[in-house]
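File shown here: data-v2.pdb, holding PDB, C-alpha atoms.
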ATOM      1  CA  MET A 240       0.000   0.000   0.000
ATOM      2  CA  ALA A 241       1.390   3.398  -0.963
ATOM      3  CA  ALA A 242       1.850   6.251   1.480
ATOM      4  CA  LEU A 243      -1.181   7.921   3.087
ATOM      5  CA  ASP A 244      -0.662  11.045   0.985
ATOM      6  CA  SER A 245      -1.480   9.077  -2.157
ATOM      7  CA  THR A 246      -4.196   6.845  -0.700
ATOM      8  CA  MET A 247      -6.257   8.243   2.158
ATOM      9  CA  GLY A 248      -5.352  11.794   1.119
ATOM     10  CA  PRO A 249      -7.098  11.623  -2.300
ATOM     11  CA  LEU A 250      -9.956   9.708  -0.678
ATOM     12  CA  LEU A 251     -10.526  12.522   1.818
ATOM     13  CA  ILE A 252     -10.204  15.209  -0.872
ATOM     14  CA  GLY A 253     -12.708  13.360  -3.050
ATOM     15  CA  VAL A 254     -15.254  13.229  -0.227
ATOM     16  CA  ILE A 255     -14.837  16.956   0.498
ATOM     17  CA  LEU A 256     -15.255  17.959  -3.151
ATOM     18  CA  ALA A 257     -18.221  15.622  -3.516
ATOM     19  CA  ALA A 258     -19.815  17.204  -0.445
ATOM     20  CA  VAL A 259     -19.425  20.660  -1.983
ATOM     21  CA  MET A 260     -21.057  19.486  -5.211
ATOM     22  CA  TYR A 261     -23.789  17.793  -3.189
ATOM     23  CA  GLY A 262     -24.590  21.147  -1.589
ATOM     24  CA  VAL A 263     -24.876  22.671  -5.069
ATOM     25  CA  SER A 264     -27.258  19.933  -6.191
ATOM     26  CA  CYS A 265     -29.399  20.440  -3.065
ATOM     27  CA  SER A 266     -29.715  24.156  -3.767
ATOM     28  CA  GLN A 267     -30.566  23.427  -7.392
ATOM     29  CA  MET A 268     -33.259  20.970  -6.341
ATOM     30  CA  TYR A 269     -34.795  23.559  -4.004
ATOM     31  CA  TYR A 270     -34.726  26.093  -6.829
ATOM     32  CA  TYR A 271     -36.398  23.603  -9.162
ATOM     33  CA  PHE A 272     -39.326  22.773  -6.876
ATOM     34  CA  THR A 273     -39.959  26.452  -6.081
ATOM     35  CA  ARG A 274     -39.620  27.644  -9.706
ATOM     36  CA  TYR A 275     -41.380  24.807 -11.525
ATOM     37  CA  PRO A 276     -44.210  23.595  -9.263
ATOM     38  CA  ARG A 277     -46.391  22.726 -12.270
ATOM     39  CA  ASP A 278     -43.963  20.346 -13.962
ATOM     40  CA  PRO A 279     -45.277  16.865 -14.874
ATOM     41  CA  TRP A 280     -45.190  14.334 -12.057
ATOM     42  CA  HIS A 281     -42.703  12.049 -13.831
ATOM     43  CA  ILE A 282     -40.136  14.848 -14.054
ATOM     44  CA  LYS A 283     -40.560  15.624 -10.366
ATOM     45  CA  LEU A 284     -40.201  11.908  -9.613
ATOM     46  CA  LEU A 285     -37.006  11.755 -11.668
ATOM     47  CA  VAL A 286     -35.533  14.725  -9.795
ATOM     48  CA  THR A 287     -36.443  13.161  -6.436
ATOM     49  CA  VAL A 288     -34.990   9.757  -7.333
ATOM     50  CA  VAL A 289     -31.743  11.228  -8.683
ATOM     51  CA  TRP A 290     -31.314  13.389  -5.590
ATOM     52  CA  THR A 291     -32.008  10.341  -3.373
ATOM     53  CA  THR A 292     -29.363   8.167  -5.050
ATOM     54  CA  ASP A 293     -26.954  11.093  -4.911
ATOM     55  CA  SER A 294     -27.638  11.532  -1.188
ATOM     56  CA  ILE A 295     -27.092   7.824  -0.477
ATOM     57  CA  HIS A 296     -23.830   7.935  -2.390
ATOM     58  CA  GLN A 297     -22.645  10.927  -0.343
ATOM     59  CA  ALA A 298     -23.548   9.105   2.877
ATOM     60  CA  LEU A 299     -21.645   5.975   1.788
ATOM     61  CA  ILE A 300     -18.414   7.738   0.869
ATOM     62  CA  SER A 301     -18.591   9.852   4.033
ATOM     63  CA  HIS A 302     -18.900   6.667   6.087
ATOM     64  CA  SER A 303     -15.917   5.187   4.243
ATOM     65  CA  VAL A 304     -13.541   8.028   5.004
ATOM     66  CA  TYR A 305     -14.805   8.182   8.616
ATOM     67  CA  TRP A 306     -14.164   4.454   9.085
ATOM     68  CA  TYR A 307     -10.612   4.625   7.764
ATOM     69  CA  LEU A 308      -9.526   7.882   9.449
ATOM     70  CA  VAL A 309     -11.512   7.868  12.706
ATOM     71  CA  THR A 310     -12.979   4.482  13.622
ATOM     72  CA  GLU A 311      -9.810   2.574  12.716
ATOM     73  CA  TYR A 312      -7.408   5.335  13.681
ATOM     74  CA  GLY A 313      -4.115   3.864  14.824
ATOM     75  CA  ASN A 314      -4.784   0.533  13.119
ATOM     76  CA  PRO A 315      -2.467   0.326  10.068
ATOM     77  CA  LYS A 316      -3.963  -2.998   8.976
ATOM     78  CA  ALA A 317      -7.345  -1.333   8.417
ATOM     79  CA  LEU A 318      -5.845   0.771   5.606
ATOM     80  CA  PHE A 319      -5.489  -2.415   3.568
ATOM     81  CA  MET A 320      -9.047  -3.557   4.185
ATOM     82  CA  LEU A 321     -12.179  -2.921   2.152
ATOM     83  CA  THR A 322     -15.210  -1.458   3.846
ATOM     84  CA  ARG A 323     -18.562  -2.353   2.299
ATOM     85  CA  SER A 324     -19.601   1.263   1.934
ATOM     86  CA  ILE A 325     -16.742   2.045  -0.447
ATOM     87  CA  ILE A 326     -17.897  -0.836  -2.654
ATOM     88  CA  ILE A 327     -21.645  -0.203  -2.596
ATOM     89  CA  GLU A 328     -21.138   3.456  -3.536
ATOM     90  CA  VAL A 329     -20.158   2.300  -7.034
ATOM     91  CA  LEU A 330     -23.661   0.907  -7.542
ATOM     92  CA  PHE A 331     -25.381   4.131  -6.470
ATOM     93  CA  ASN A 332     -23.088   6.138  -8.727
ATOM     94  CA  GLY A 333     -24.313   3.840 -11.473
ATOM     95  CA  PHE A 334     -27.952   4.466 -10.516
ATOM     96  CA  THR A 335     -27.473   8.236 -10.740
ATOM     97  CA  GLY A 336     -25.760   7.926 -14.097
ATOM     98  CA  VAL A 337     -28.372   5.659 -15.675
ATOM     99  CA  PHE A 338     -31.271   7.888 -14.579
ATOM    100  CA  VAL A 339     -29.704  11.110 -15.868
ATOM    101  CA  GLN A 340     -28.425   9.658 -19.125
ATOM    102  CA  THR A 341     -31.808   8.052 -19.792
ATOM    103  CA  PHE A 342     -33.379  11.492 -19.423
ATOM    104  CA  PHE A 343     -31.047  12.873 -22.083
ATOM    105  CA  ALA A 344     -31.668   9.837 -24.295
ATOM    106  CA  ALA A 345     -35.399  10.557 -24.070
ATOM    107  CA  ARG A 346     -34.675  14.135 -25.119
ATOM    108  CA  ILE A 347     -32.795  12.872 -28.158
ATOM    109  CA  TRP A 348     -35.789  10.674 -28.993
ATOM    110  CA  LYS A 349     -38.160  13.658 -28.872
ATOM    111  CA  LEU A 350     -35.945  16.133 -30.696
ATOM    112  CA  SER A 351     -35.068  13.668 -33.461
ATOM    113  CA  GLY A 352     -38.671  12.682 -34.055
ATOM    114  CA  GLY A 353     -38.171   9.126 -32.792
ATOM    115  CA  LYS A 354     -35.149   8.154 -34.910
ATOM    116  CA  LEU A 355     -33.978   4.803 -33.532
ATOM    117  CA  TYR A 356     -30.545   4.936 -35.140
ATOM    118  CA  LEU A 357     -29.747   7.926 -32.902
ATOM    119  CA  VAL A 358     -31.236   6.526 -29.701
ATOM    120  CA  ILE A 359     -30.024   2.899 -29.857
ATOM    121  CA  PRO A 360     -26.256   3.670 -29.583
ATOM    122  CA  VAL A 361     -26.935   5.882 -26.562
ATOM    123  CA  ALA A 362     -29.128   3.203 -24.962
ATOM    124  CA  ILE A 363     -26.388   0.575 -25.452
ATOM    125  CA  LEU A 364     -23.783   2.777 -23.745
ATOM    126  CA  ILE A 365     -26.138   3.571 -20.856
ATOM    127  CA  ALA A 366     -27.043  -0.089 -20.329
ATOM    128  CA  GLY A 367     -23.389  -1.101 -20.636
ATOM    129  CA  GLU A 368     -22.249   1.362 -17.969
ATOM    130  CA  PHE A 369     -24.899   0.250 -15.483
ATOM    131  CA  ALA A 370     -24.314  -3.456 -16.162
ATOM    132  CA  VAL A 371     -20.579  -3.092 -15.568
ATOM    133  CA  SER A 372     -21.201  -1.086 -12.365
ATOM    134  CA  LEU A 373     -23.529  -3.806 -11.091
ATOM    135  CA  ALA A 374     -21.057  -6.582 -11.956
ATOM    136  CA  TYR A 375     -18.204  -4.690 -10.258
ATOM    137  CA  THR A 376     -20.223  -4.234  -7.071
ATOM    138  CA  VAL A 377     -21.294  -7.877  -6.884
ATOM    139  CA  LYS A 378     -17.776  -9.189  -7.404
ATOM    140  CA  ALA A 379     -16.066  -6.658  -5.131
ATOM    141  CA  LEU A 380     -18.321  -7.536  -2.183
ATOM    142  CA  HIS A 381     -16.584 -10.927  -2.062
ATOM    143  CA  TYR A 382     -13.132  -9.370  -1.630
ATOM    144  CA  HIS A 383     -11.514  -8.181   1.587
ATOM    145  CA  THR A 384      -8.500  -6.056   0.621
ATOM    146  CA  PHE A 385      -7.658  -3.381  -1.922
ATOM    147  CA  ALA A 386      -5.112  -5.742  -3.444
ATOM    148  CA  ASP A 387      -7.938  -8.126  -4.331
ATOM    149  CA  LEU A 388      -9.572  -5.431  -6.480
ATOM    150  CA  THR A 389      -6.784  -5.806  -9.052
ATOM    151  CA  GLN A 390      -8.608  -8.946 -10.196
ATOM    152  CA  ILE A 391     -11.502  -6.822 -11.482
ATOM    153  CA  LYS A 392      -9.488  -3.847 -12.654
ATOM    154  CA  GLY A 393     -10.897  -4.354 -16.135
ATOM    155  CA  LEU A 394     -14.425  -3.713 -14.853
ATOM    156  CA  SER A 395     -13.292  -0.515 -13.142
ATOM    157  CA  ILE A 396     -11.750   0.702 -16.392
ATOM    158  CA  SER A 397     -14.877  -0.245 -18.348
ATOM    159  CA  ILE A 398     -17.109   1.844 -16.061
ATOM    160  CA  ASN A 399     -15.165   4.994 -16.888
ATOM    161  CA  VAL A 400     -14.976   4.152 -20.598
ATOM    162  CA  PHE A 401     -18.753   3.686 -20.879
ATOM    163  CA  ALA A 402     -19.412   6.850 -18.853
ATOM    164  CA  ALA A 403     -17.131   9.044 -20.959
ATOM    165  CA  ALA A 404     -18.309   7.570 -24.263
ATOM    166  CA  GLY A 405     -21.989   7.950 -23.345
ATOM    167  CA  ASP A 406     -21.631  11.608 -22.395
ATOM    168  CA  VAL A 407     -19.687  12.463 -25.558
ATOM    169  CA  VAL A 408     -22.187  10.684 -27.815
ATOM    170  CA  ILE A 409     -25.173  12.363 -26.130
ATOM    171  CA  ALA A 410     -23.653  15.834 -26.445
ATOM    172  CA  THR A 411     -22.650  15.203 -30.072
ATOM    173  CA  ILE A 412     -26.106  13.993 -31.121
ATOM    174  CA  LEU A 413     -27.892  16.863 -29.371
ATOM    175  CA  CYS A 414     -25.626  19.436 -31.022
ATOM    176  CA  THR A 415     -26.122  17.806 -34.429
ATOM    177  CA  ILE A 416     -29.909  17.850 -34.096
ATOM    178  CA  LEU A 417     -29.881  21.489 -33.005
ATOM    179  CA  HIS A 418     -27.503  22.464 -35.803
ATOM    180  CA  PHE A 419     -29.831  21.119 -38.477
ATOM    181  CA  SER A 420     -32.757  22.928 -36.831
ATOM    182  CA  ARG A 421     -31.469  26.325 -37.987
ATOM    183  CA  THR A 422     -33.914  28.375 -40.038
ATOM    184  CA  GLY A 423     -31.961  31.509 -40.934
ATOM    185  CA  PHE A 424     -33.697  33.823 -38.462
ATOM    186  CA  SER A 425     -31.104  35.504 -36.275
ATOM    187  CA  LYS A 426     -33.155  35.174 -33.102
ATOM    188  CA  SER A 427     -33.757  31.464 -33.645
ATOM    189  CA  ASN A 428     -30.104  30.838 -34.496
ATOM    190  CA  THR A 429     -28.996  32.667 -31.354
ATOM    191  CA  LEU A 430     -31.214  30.447 -29.234
ATOM    192  CA  ILE A 431     -29.953  27.321 -30.994
ATOM    193  CA  ASN A 432     -26.346  28.383 -30.392
ATOM    194  CA  ARG A 433     -27.091  28.774 -26.697
ATOM    195  CA  LEU A 434     -28.684  25.352 -26.569
ATOM    196  CA  MET A 435     -25.680  23.811 -28.330
ATOM    197  CA  VAL A 436     -23.244  25.380 -25.873
ATOM    198  CA  PHE A 437     -25.447  24.257 -23.001
ATOM    199  CA  ALA A 438     -25.588  20.671 -24.323
ATOM    200  CA  VAL A 439     -21.803  20.545 -24.650
ATOM    201  CA  ASN A 440     -21.183  22.010 -21.199
ATOM    202  CA  THR A 441     -23.563  19.630 -19.406
ATOM    203  CA  GLY A 442     -21.821  16.589 -20.903
ATOM    204  CA  LEU A 443     -18.302  17.976 -20.908
ATOM    205  CA  LEU A 444     -17.645  17.944 -17.156
ATOM    206  CA  THR A 445     -18.859  14.385 -16.603
ATOM    207  CA  SER A 446     -16.902  13.033 -19.575
ATOM    208  CA  VAL A 447     -13.732  14.896 -18.538
ATOM    209  CA  CYS A 448     -14.071  13.612 -14.977
ATOM    210  CA  ALA A 449     -14.566  10.032 -16.205
ATOM    211  CA  CYS A 450     -11.545  10.374 -18.496
ATOM    212  CA  LEU A 451      -9.370  11.685 -15.648
ATOM    213  CA  SER A 452     -10.454   8.751 -13.494
ATOM    214  CA  LEU A 453      -9.565   6.375 -16.343
ATOM    215  CA  ILE A 454      -6.174   7.992 -16.949
ATOM    216  CA  THR A 455      -5.160   7.979 -13.290
ATOM    217  CA  ILE A 456      -6.198   4.375 -12.671
ATOM    218  CA  LEU A 457      -4.011   3.328 -15.605
ATOM    219  CA  SER A 458      -1.018   5.567 -14.877
ATOM    220  CA  LEU A 459      -1.178   5.570 -11.051
ATOM    221  CA  PRO A 460      -2.651   2.172 -10.136
ATOM    222  CA  ASP A 461      -1.193   2.116  -6.603
ATOM    223  CA  THR A 462      -2.878   5.338  -5.550
ATOM    224  CA  PHE A 463      -6.457   6.449  -4.844
ATOM    225  CA  ILE A 464      -6.272   9.508  -7.074
ATOM    226  CA  TYR A 465      -8.721   7.905  -9.510
ATOM    227  CA  ILE A 466     -11.249   7.587  -6.660
ATOM    228  CA  THR A 467     -11.250  11.384  -6.256
ATOM    229  CA  PHE A 468     -12.552  11.841  -9.792
ATOM    230  CA  PHE A 469     -14.892   8.858  -9.610
ATOM    231  CA  PHE A 470     -16.607  10.292  -6.525
ATOM    232  CA  LEU A 471     -17.410  13.465  -8.502
ATOM    233  CA  VAL A 472     -19.015  11.758 -11.504
ATOM    234  CA  GLY A 473     -22.334  11.167  -9.734
ATOM    235  CA  ARG A 474     -22.473  14.756  -8.461
ATOM    236  CA  LEU A 475     -21.862  16.111 -11.931
ATOM    237  CA  TYR A 476     -24.621  13.917 -13.356
ATOM    238  CA  CYS A 477     -27.084  15.224 -10.783
ATOM    239  CA  ASN A 478     -26.085  18.843 -11.338
ATOM    240  CA  SER A 479     -26.233  18.506 -15.128
ATOM    241  CA  LEU A 480     -29.822  17.280 -14.866
ATOM    242  CA  MET A 481     -30.830  20.064 -12.481
ATOM    243  CA  ALA A 482     -29.063  22.736 -14.543
ATOM    244  CA  THR A 483     -30.881  21.551 -17.668
ATOM    245  CA  LEU A 484     -34.283  21.728 -15.988
ATOM    246  CA  ASN A 485     -33.641  25.024 -14.203
ATOM    247  CA  ALA A 486     -32.405  26.791 -17.342
ATOM    248  CA  ARG A 487     -35.712  26.449 -19.203
ATOM    249  CA  LYS A 488     -37.245  29.766 -18.177
ATOM    250  CA  SER A 489     -34.147  31.797 -18.990
ATOM    251  CA  LEU A 490     -33.866  30.109 -22.379
ATOM    252  CA  ARG A 491     -37.572  30.633 -23.042
ATOM    253  CA  GLU A 492     -37.300  34.309 -22.144
ATOM    254  CA  ALA A 493     -34.272  34.649 -24.408
ATOM    255  CA  SER A 494     -36.295  33.256 -27.306
ATOM    256  CA  GLY A 495     -38.946  36.027 -27.166
ATOM    257  CA  ASN A 496     -39.588  38.253 -30.198
ATOM    258  CA  ASP A 497     -37.505  41.361 -30.778
ATOM    259  CA  VAL A 498     -38.652  44.641 -32.327
ATOM    260  CA  SER A 499     -35.831  46.490 -34.037
ATOM    261  CA  VAL A 500     -35.912  50.079 -35.188
ATOM    262  CA  SER A 501     -33.824  50.892 -38.256
ATOM    263  CA  LEU A 502     -32.665  54.494 -38.515
ATOM    264  CA  ARG A 503     -30.278  54.120 -41.420
ATOM    265  CA  ASP A 504     -32.182  56.721 -43.505
ATOM    266  CA  MET A 505     -32.339  59.292 -40.724
ATOM    267  CA  GLN A 506     -30.255  62.417 -41.143
ATOM    268  CA  PRO A 507     -27.657  62.982 -38.419
ATOM    269  CA  ALA A 508     -29.346  66.095 -37.050
ATOM    270  CA  ALA A 509     -32.860  64.705 -37.138
ATOM    271  CA  SER A 510     -34.776  63.611 -34.073
ATOM    272  CA  THR A 511     -38.141  62.077 -33.510
ATOM    273  CA  ASN A 512     -40.508  60.977 -30.780
ATOM    274  CA  LEU A 513     -41.321  57.266 -31.109
ATOM    275  CA  THR A 514     -44.556  57.710 -29.164
ATOM    276  CA  ASN A 515     -45.998  59.656 -32.093
ATOM    277  CA  ILE A 516     -45.630  56.777 -34.541
ATOM    278  CA  SER A 517     -49.058  55.797 -35.862
ATOM    279  CA  PRO A 518     -50.107  53.887 -38.969
ATOM    280  CA  TYR A 519     -52.880  56.518 -39.481
ATOM    281  CA  SER A 520     -50.700  59.615 -39.139
ATOM    282  CA  GLN A 521     -50.797  61.969 -42.115
ATOM    283  CA  ARG A 522     -47.742  64.007 -41.101
ATOM    284  CA  ARG A 523     -44.666  63.419 -43.228
ATOM    285  CA  THR A 524     -41.132  64.718 -42.883
ATOM    286  CA  GLU A 525     -38.714  64.351 -45.754
ATOM    287  CA  GLY A 526     -35.573  62.316 -45.075
ATOM    288  CA  ILE A 527     -36.738  60.718 -41.828
ATOM    289  CA  THR A 528     -37.870  57.113 -42.066
ATOM    290  CA  ILE A 529     -38.356  54.690 -39.205
ATOM    291  CA  ARG A 530     -38.771  51.077 -40.179
ATOM    292  CA  ILE A 531     -40.036  48.550 -37.659
ATOM    293  CA  ASP A 532     -39.162  44.936 -38.479
ATOM    294  CA  THR A 533     -41.250  42.416 -36.638
ATOM    295  CA  THR A 534     -41.270  38.663 -36.628
ATOM    296  CA  LYS A 535     -44.429  36.934 -35.545
ATOM    297  CA  ASP A 536     -44.129  33.316 -34.361
ATOM    298  CA  THR A 537     -47.261  31.222 -34.166
ATOM    299  CA  LYS A 538     -48.131  27.730 -32.973
ATOM    300  CA  HIS A 539     -51.194  25.882 -34.154
ATOM    301  CA  ASP A 540     -51.235  23.187 -31.493
ATOM    302  CA  THR A 541     -53.271  24.761 -28.713
ATOM    303  CA  GLU A 542     -52.474  21.976 -26.324
ATOM    304  CA  GLU A 543     -48.749  22.562 -26.772
ATOM    305  CA  VAL A 544     -49.177  26.262 -26.083
ATOM    306  CA  ARG A 545     -51.246  25.588 -23.026
ATOM    307  CA  ASN A 546     -48.612  23.262 -21.554
ATOM    308  CA  ALA A 547     -45.573  25.242 -22.643
ATOM    309  CA  SER A 548     -44.926  26.723 -19.217
ATOM    310  CA  HIS A 549     -44.523  23.344 -17.550
ATOM    311  CA  ASP A 550     -43.280  21.045 -20.288
ATOM    312  CA  PRO A 551     -39.607  20.242 -19.508
ATOM    313  CA  ASP A 552     -38.898  20.184 -23.236
ATOM    314  CA  SER A 553     -40.899  23.309 -24.020
ATOM    315  CA  TYR A 554     -37.817  25.368 -24.793
ATOM    316  CA  ARG A 555     -36.696  23.032 -27.539
ATOM    317  CA  PHE A 556     -36.670  24.614 -30.952
ATOM    318  CA  HIS A 557     -39.259  23.950 -33.648
ATOM    319  CA  PRO A 558     -38.974  25.624 -37.066
ATOM    320  CA  LYS A 559     -41.423  28.510 -37.294
ATOM    321  CA  PHE A 560     -42.287  30.810 -40.141
ATOM    322  CA  SER A 561     -42.151  34.564 -40.076
ATOM    323  CA  GLN A 562     -45.086  36.696 -41.049
ATOM    324  CA  TYR A 563     -42.838  38.283 -43.646
ATOM    325  CA  ASP A 564     -40.177  36.810 -45.866
ATOM    326  CA  SER A 565     -36.727  37.597 -44.420
ATOM    327  CA  ASN A 566     -35.288  37.971 -47.922
ATOM    328  CA  SER A 567     -37.922  40.444 -49.045
ATOM    329  CA  ASP A 568     -38.058  44.197 -48.584
ATOM    330  CA  LYS A 569     -41.853  44.084 -48.191
ATOM    331  CA  ARG A 570     -42.022  44.879 -44.483
ATOM    332  CA  PRO A 571     -44.238  47.329 -42.655
ATOM    333  CA  VAL A 572     -42.770  50.797 -42.933
ATOM    334  CA  GLU A 573     -43.969  53.706 -40.873
ATOM    335  CA  GLU A 574     -43.085  57.282 -41.837
ATOM    336  CA  VAL A 575     -43.288  60.319 -39.619
TER     337      VAL A 575
END

Rewritten as structure tokens:
Amino acid sequence: MAALDSTMGPLLIGVILAAVMYGVSCSQMYYYFTRYPRDPWHIKLLVTVVWTTDSIHQALISHSVYWYLVTEYGNPKALFMLTRSIIIEVLFNGFTGVFVQTFFAARIWKLSGGKLYLVIPVAILIAGEFAVSLAYTVKALHYHTFADLTQIKGLSISINVFAAAGDVVIATILCTILHFSRTGFSKSNTLINRLMVFAVNTGLLTSVCACLSLITILSLPDTFIYITFFFLVGRLYCNSLMATLNARKSLREASGNDVSVSLRDMQPAASTNLTNISPYSQRRTEGITIRIDTTKDTKHDTEEVRNASHDPDSYRFHPKFSQYDSNSDKRPVEEV
């Protein structure tokens, strides 16, 4: 067993960082239930279940570090032993991951219009990660020392590979779908760009953390540095789900219509009062033209409109048509 600085040290640091992230996820959950009280029951159930598995995982890793550093303080032999809590936490990390990734897989299904060739690869990676986590937990419960875990090192590596691959594939597919949803309207494209950045960011942290755990377990096999990153994967999954749900209102508000006033024909010294603009005004002033460009978005599905405020996917983009052709100069022009 390596020195404490490279074993129990990273274990303690991992628990502290995980506790900080757990506090963030708790605050996000509180924000969600106060901001979105009218969300569908299955989304609320998902949030509750993910937070529960995340809480159990935090309790298990906290018990582990307490057992090694407090309960068995002064007993060097205990540092070689496996406590059950440090094994079972792998399973609950797997639960958190499968719930959150399934949510994103369902989003891919909806946004793609039910295209199986996009959903099936994601489903295989999700199922593979959970199956490997379950197999690792079952086998590890029969071992007694950290040295015994080298027999299932391949399963530990596979967990991180499936986790990183799943997050990258999900982010890539979401960005591809959003990219092909562009319509040419600047406001719509701005919203799509924000959604693409958001999709990348939510999957980036978890995949990077899984990759760091994979790299350190391969390059530093006699240390617990990889455990530090593995502890954080579940927290990042929970926070990515909560951030996605809590960002809906801000994204919806950012997608509202804009009214722009073009003053390119106005003379430098001219001035006008916008409150006097009226389509029935007969007053005209040479050289001063104010053009108001408006884009009117409509939806014909009344049920969708009625549920827009509490549909967790309501901010997703659907192609809409402007009242006026964006390539035409035939737009309402008001002169004063």

Please provide as a PyMOL selection string all residues within 12 Å of Thr273 of chain A, with the sequence filter that same-chain residues fewer than 6 positions apart are discarded (counting only C-alpha atoms).
-> chain A and resi 266-267+283+485

Interatomic distance between atom CA of Thr411 of chain A and atom CA of Ser489 of chain A?
-> 23.0 Å

Each residue of segment 374-395 of chain A with at least one atom at most 12 Å from segment 324-332 of chain A should appear once, together with its nearest atom pair and the corresponding distance in Å (one decimal); atoms considered: only C-alpha atoms; ordering: chain, then increasing residue number; output as JSON lines.
{"residue": "A:Ala374", "atom": "CA", "partner": "A:Leu330", "partner_atom": "CA", "distance": 9.1}
{"residue": "A:Tyr375", "atom": "CA", "partner": "A:Val329", "partner_atom": "CA", "distance": 7.9}
{"residue": "A:Thr376", "atom": "CA", "partner": "A:Ile326", "partner_atom": "CA", "distance": 6.0}
{"residue": "A:Val377", "atom": "CA", "partner": "A:Ile327", "partner_atom": "CA", "distance": 8.8}
{"residue": "A:Lys378", "atom": "CA", "partner": "A:Ile326", "partner_atom": "CA", "distance": 9.6}
{"residue": "A:Ala379", "atom": "CA", "partner": "A:Ile326", "partner_atom": "CA", "distance": 6.6}
{"residue": "A:Leu380", "atom": "CA", "partner": "A:Ile326", "partner_atom": "CA", "distance": 6.7}
{"residue": "A:His381", "atom": "CA", "partner": "A:Ile326", "partner_atom": "CA", "distance": 10.2}
{"residue": "A:Tyr382", "atom": "CA", "partner": "A:Ile326", "partner_atom": "CA", "distance": 9.8}
{"residue": "A:His383", "atom": "CA", "partner": "A:Ile326", "partner_atom": "CA", "distance": 10.6}
{"residue": "A:Thr384", "atom": "CA", "partner": "A:Ile326", "partner_atom": "CA", "distance": 11.2}
{"residue": "A:Phe385", "atom": "CA", "partner": "A:Ile326", "partner_atom": "CA", "distance": 10.6}
{"residue": "A:Leu388", "atom": "CA", "partner": "A:Ile326", "partner_atom": "CA", "distance": 10.2}
{"residue": "A:Leu394", "atom": "CA", "partner": "A:Val329", "partner_atom": "CA", "distance": 11.4}
{"residue": "A:Ser395", "atom": "CA", "partner": "A:Val329", "partner_atom": "CA", "distance": 9.6}

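The coordinates place atom CA of Ile252 of chain A at 17.8 Å from atom CA of Leu453 of chain A.
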
Name the residues in contact with segment 351-360 of chain A at a cut-off of 9 Å, using only C-alpha atoms, excluding same-chain residues fewer than 5 positions from it; report them as a list in words.
-> Ala344, Ala345, Arg346, Ile365, Gly405, Val408, Ile412, Leu413 and Ile416 of chain A

Please put the answer as lines of an AutoDock Vina configuration file: centre and edge lengths, in Å with one decimal, of a box along x, y and z that encloses all listed atoms of segment 479-489 of chain A plus 3 Å on each side.
center_x = -31.7
center_y = 24.5
center_z = -15.8
size_x = 17.0
size_y = 20.5
size_z = 12.7

Would you kindly return, as number ranges by chain, each protein, DNA or RNA residue with an atom no farther than 8 Å from any atom of Tyr476 of chain A, considering only C-alpha atoms and excluding same-chain residues fewer than 4 positions away?
-> A: 335-336, 339, 445, 472, 480

Run the PyMOL selection byres ((chain A and resi 263) around 12) against the file shown and list the residues it catches, as a ChimeraX atom specification.
-> /A:256-262,264-270,290,293,474-475,477-479,481-482

Run the PyMOL selection byres ((chain A and resi 444) around 12) on the file and write out the hits as a tab-separated table (two decimals) with C-alpha atoms, in the coordinates of the input.
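After the write, result.tsv holds the following:
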chain	number	residue	atom	x	y	z
A	402	ALA	CA	-19.41	6.85	-18.85
A	403	ALA	CA	-17.13	9.04	-20.96
A	406	ASP	CA	-21.63	11.61	-22.40
A	407	VAL	CA	-19.69	12.46	-25.56
A	410	ALA	CA	-23.65	15.83	-26.44
A	437	PHE	CA	-25.45	24.26	-23.00
A	438	ALA	CA	-25.59	20.67	-24.32
A	439	VAL	CA	-21.80	20.54	-24.65
A	440	ASN	CA	-21.18	22.01	-21.20
A	441	THR	CA	-23.56	19.63	-19.41
A	442	GLY	CA	-21.82	16.59	-20.90
A	443	LEU	CA	-18.30	17.98	-20.91
A	445	THR	CA	-18.86	14.38	-16.60
A	446	SER	CA	-16.90	13.03	-19.58
A	447	VAL	CA	-13.73	14.90	-18.54
A	448	CYS	CA	-14.07	13.61	-14.98
A	449	ALA	CA	-14.57	10.03	-16.20
A	450	CYS	CA	-11.54	10.37	-18.50
A	451	LEU	CA	-9.37	11.68	-15.65
A	468	PHE	CA	-12.55	11.84	-9.79
A	471	LEU	CA	-17.41	13.46	-8.50
A	472	VAL	CA	-19.02	11.76	-11.50
A	473	GLY	CA	-22.33	11.17	-9.73
A	474	ARG	CA	-22.47	14.76	-8.46
A	475	LEU	CA	-21.86	16.11	-11.93
A	476	TYR	CA	-24.62	13.92	-13.36
A	477	CYS	CA	-27.08	15.22	-10.78
A	478	ASN	CA	-26.08	18.84	-11.34
A	479	SER	CA	-26.23	18.51	-15.13

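Of the residues under consideration (A:Phe338, A:Phe463, A:Phe419, A:Phe401), A:Phe419 shows the shortest atom-to-atom contact distance to Ile431 of chain A when counting all atoms listed in the file.
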
Surrounding residues of Met247 of chain A excluding itself and chain neighbours under 3 positions, 9 Å, all atoms listed in the file, as a VMD selection string | chain A and resid 242 to 244 250 to 252 304 307 to 308 318 462 to 463

Generate the output file for the selected residues, C-alpha atoms, as a tab-separated table (two decimals), in the frame of the given file.
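Generated file (result-v4.tsv):
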chain	number	residue	atom	x	y	z
A	242	ALA	CA	1.85	6.25	1.48
A	243	LEU	CA	-1.18	7.92	3.09
A	244	ASP	CA	-0.66	11.04	0.98
A	250	LEU	CA	-9.96	9.71	-0.68
A	251	LEU	CA	-10.53	12.52	1.82
A	252	ILE	CA	-10.20	15.21	-0.87
A	304	VAL	CA	-13.54	8.03	5.00
A	307	TYR	CA	-10.61	4.62	7.76
A	308	LEU	CA	-9.53	7.88	9.45
A	318	LEU	CA	-5.84	0.77	5.61
A	462	THR	CA	-2.88	5.34	-5.55
A	463	PHE	CA	-6.46	6.45	-4.84
